[in-house]
Amino acid sequence: MKGLYCRAGESDAEPKFVIQETSLPEVLGSHLVRVQVKACGLSPVDFKLLEDLGIQRDLIPVGREVAGVVMQVGDKVSFFQPEDEVVGILPLDSPCSGLCDVIEIDEHYLVQKPEKLSSVCVAGALRDGLCAHTALHTHARMAAGHTLLVMDGASSFGLMCIQLACHHGVKVLTTSHSPQKHTFLEQLRPSVGVQDPLVVKVIPVYNGSSDLLPVVLEETGGLGVDIVIDSGVRLHEEESEKTKLLPHKHDIISVLGVGGHWVTSHKDLQLDPPDCRFLYLKSASLTFLNHEVWTASSAQQGRYLHILKDIVEKMSAGVLRPQPEETVPLYEATVTMATVQRHQKKKAVIQL
């Protein structure tokens, strides 16, 4: 059978994605589950993280968010049996590409897929759902009555955060990065006359204005928000094409209320002493969002499975309604993955 793999480029050279023949061992491990893959989500490969964890291979398996049907289980597997529909995320050190027809995965990385939830939908949205749940529940400890600011709410991750927060009675403010995204986010707001709307404000940041701080303070009565979830941060005043829509780190700290939580996706965030002093004065906290810790460490495996189960159940119930991802045939996987890796498109789903 064939799978999608990445051959990392030298220094600044672009990685090359190739379809490669592969095979599974004849004997199935005791705790392993053999799954026939129905759909696989494609997300960028984090080469720096793999290097930091000491995972080095000539060919790196690509495609880790999978949905499929159990074909065979090991003799010590207790959670699943053949014909079960399952969904999960392959760990970073998995030798399998999620685009193989059949994969082997430890039972502790899988959960049951609700029958009415499509494989394509869950494979495309599982990672963003995990990130949103980790940011809001694990890091920010959100509760009803909190106020949340989500940067770039029209992104797949931002939309998951908004929907999850609204479900728990959190008031949401969000930013929009284009007129089209602004229109989409405005549609999430209740119609006029609805009491106590949850999505209270959509703030445009694409027109070059810097109204974030005054608008947030106006909407919160000058108190600031309880939680900020960013999609990247601008560290310096100078703007580049990539960072012009991102908030400056000082703006984020400024909109935080007393005891607020800032959850950041920025891997190389640098705070100056005045920034730290400002956070200290507000008794605010900063947390880094790295969803890979759930599969990189087995310290909280039971909690991880609970989170995955909660996400797929909320998708099935319509609480989380991800935007449909583009479905791509297997023969276009190499070209599609190259565009995903260059961040020219956020995500794609391969239907097998």
# chains A, B, ... in the order shown; residues from 1 in each chain; ligands from 1
>>> residues_around(residues="region 337-344 of chain A", least_positions_apart="4", cutoff="8 Å", atoms="only C-alpha atoms", output="short mmCIF file (atom, residue, chain, number, x, y, z; two decimals) with N, CA and C atoms, in the first residue's frame")
data_model
loop_
_atom_site.label_atom_id
_atom_site.label_comp_id
_atom_site.auth_asym_id
_atom_site.auth_seq_id
_atom_site.Cartn_x
_atom_site.Cartn_y
_atom_site.Cartn_z
N LYS A 16 10.05 18.11 0.50
CA LYS A 16 9.45 17.45 -0.65
C LYS A 16 8.51 16.35 -0.16
N PHE A 17 7.30 16.34 -0.68
CA PHE A 17 6.31 15.35 -0.28
C PHE A 17 6.18 14.29 -1.37
N LEU A 42 -4.94 16.94 6.60
CA LEU A 42 -3.56 17.37 6.37
C LEU A 42 -3.30 18.70 7.07
N SER A 43 -2.26 18.74 7.89
CA SER A 43 -1.84 19.96 8.57
C SER A 43 -0.33 20.11 8.38
N PRO A 44 0.21 21.34 8.52
CA PRO A 44 1.65 21.53 8.32
C PRO A 44 2.48 20.69 9.27
N VAL A 45 3.63 20.23 8.78
CA VAL A 45 4.57 19.46 9.60
C VAL A 45 5.47 20.44 10.35
N ALA A 333 -2.54 14.45 -3.35
CA ALA A 333 -2.09 14.67 -1.97
C ALA A 333 -0.75 15.41 -1.89
N ALA A 348 -6.57 20.65 4.53
CA ALA A 348 -7.27 19.89 3.49
C ALA A 348 -7.56 18.51 4.04
#
>>> residues_around(residues="Leu24 (chain A)", least_positions_apart="4", cutoff="9 Å", atoms="only C-alpha atoms", output="short mmCIF file (atom, residue, chain, number, x, y, z; two decimals) with C-alpha atoms, in the first residue's frame")
data_model
loop_
_atom_site.label_atom_id
_atom_site.label_comp_id
_atom_site.auth_asym_id
_atom_site.auth_seq_id
_atom_site.Cartn_x
_atom_site.Cartn_y
_atom_site.Cartn_z
CA LEU A 28 -0.37 -7.12 15.32
CA CYS A 96 2.36 5.20 9.76
CA VAL A 102 -4.66 0.63 6.63
CA ILE A 103 -2.78 1.89 9.69
CA GLU A 104 -1.83 0.56 13.11
#
>>> select_by_dssp(residues="region 22-187 of chain A", states="strand (DSSP E or B)", output="number ranges by chain")
A: 32-42, 60-61, 65-73, 85-89, 102-106, 110-112, 147-150, 171-176
>>> closest_residue(among="A:Thr334, A:Gln112, A:Ser231, A:Thr243", to="Val86 (chain A)", atoms="only C-alpha atoms")
A:Gln112
>>> closest_atom_pairs(of="region 249-285 of chain A", to="region 216-221 of chain A", cutoff="12 Å", atoms="only C-alpha atoms", output="JSON lines")
{"residue": "A:Asp251", "atom": "CA", "partner": "A:Val216", "partner_atom": "CA", "distance": 10.5}
{"residue": "A:Ile252", "atom": "CA", "partner": "A:Val216", "partner_atom": "CA", "distance": 10.5}
{"residue": "A:Ser254", "atom": "CA", "partner": "A:Leu217", "partner_atom": "CA", "distance": 9.4}
{"residue": "A:Val255", "atom": "CA", "partner": "A:Val216", "partner_atom": "CA", "distance": 6.6}
{"residue": "A:Leu256", "atom": "CA", "partner": "A:Val216", "partner_atom": "CA", "distance": 9.4}
{"residue": "A:Gly257", "atom": "CA", "partner": "A:Thr220", "partner_atom": "CA", "distance": 9.3}
>>> write_last_selection(atoms="N, CA and C atoms", output="PDB file, in the first residue's frame")
ATOM      1  N   ASP A 251      -0.766  45.350  22.996  1.00  0.00           N
ATOM      2  CA  ASP A 251      -2.222  45.500  22.872  1.00  0.00           C
ATOM      3  C   ASP A 251      -2.953  44.355  23.570  1.00  0.00           C
ATOM      4  N   ILE A 252      -2.411  43.138  23.422  1.00  0.00           N
ATOM      5  CA  ILE A 252      -3.050  41.987  24.064  1.00  0.00           C
ATOM      6  C   ILE A 252      -3.007  42.122  25.583  1.00  0.00           C
ATOM      7  N   SER A 254      -2.815  44.833  27.213  1.00  0.00           N
ATOM      8  CA  SER A 254      -3.642  45.977  27.602  1.00  0.00           C
ATOM      9  C   SER A 254      -5.120  45.622  27.688  1.00  0.00           C
ATOM     10  N   VAL A 255      -5.600  44.699  26.823  1.00  0.00           N
ATOM     11  CA  VAL A 255      -7.035  44.365  26.843  1.00  0.00           C
ATOM     12  C   VAL A 255      -7.377  43.340  27.909  1.00  0.00           C
ATOM     13  N   LEU A 256      -6.369  42.738  28.542  1.00  0.00           N
ATOM     14  CA  LEU A 256      -6.630  41.758  29.604  1.00  0.00           C
ATOM     15  C   LEU A 256      -7.155  42.449  30.855  1.00  0.00           C
ATOM     16  N   GLY A 257      -8.143  41.829  31.482  1.00  0.00           N
ATOM     17  CA  GLY A 257      -8.624  42.314  32.758  1.00  0.00           C
ATOM     18  C   GLY A 257      -7.791  41.772  33.906  1.00  0.00           C
TER      19      GLY A 257
END
>>> atom_distance(atom1="CA of Gly259 (chain A)", atom2="CA of Cys131 (chain A)")
22.2 Å
>>> closest_residue(among="A:Ala67, A:Cys100, A:Leu305, A:Leu173", to="Gly124 (chain A)", atoms="only C-alpha atoms")
A:Ala67
>>> select_by_dssp(residues="region 35-241 of chain A", states="alpha helix (DSSP H)", output="VMD selection string")
chain A and resid 47 to 52 119 to 133 156 to 167 179 to 186 212 to 219
>>> residues_around(residues="Val200 (chain A)", least_positions_apart="3", cutoff="7 Å", atoms="only C-alpha atoms", output="ChimeraX atom specification")
/A:171-173,189,197
>>> residues_around(residues="region 321-328 of chain A", least_positions_apart="3", cutoff="12 Å", atoms="only C-alpha atoms", output="ChimeraX atom specification")
/A:38-43,99,117-129,132,154-164,167,184,188,311-318,331-337,340,345-352
>>> atom_distance(atom1="CA of Val263 (chain A)", atom2="CA of Glu65 (chain A)")
23.3 Å
>>> closest_residue(among="A:His168, A:Arg141, A:Arg303, A:Lys76", to="Trp262 (chain A)", atoms="only C-alpha atoms")
A:Arg141
>>> residues_around(residues="His139 (chain A)", least_positions_apart="6", cutoff="10 Å", atoms="only C-alpha atoms", output="MDAnalysis selection string")
chainID A and resid 133 227 261:263 285:289
>>> residues_around(residues="Leu32 (chain A)", least_positions_apart="6", cutoff="9 Å", atoms="only C-alpha atoms", output="list of chain:residue names")
A:Gln72, A:Val73, A:Gly74, A:Asp75, A:Lys76, A:Val77, A:Glu104, A:Ile105, A:Asp106, A:Glu107, A:His108
>>> closest_residue(among="A:Val33, A:Val69, A:Leu50, A:Ala140", to="Glu115 (chain A)", atoms="only C-alpha atoms")
A:Val69
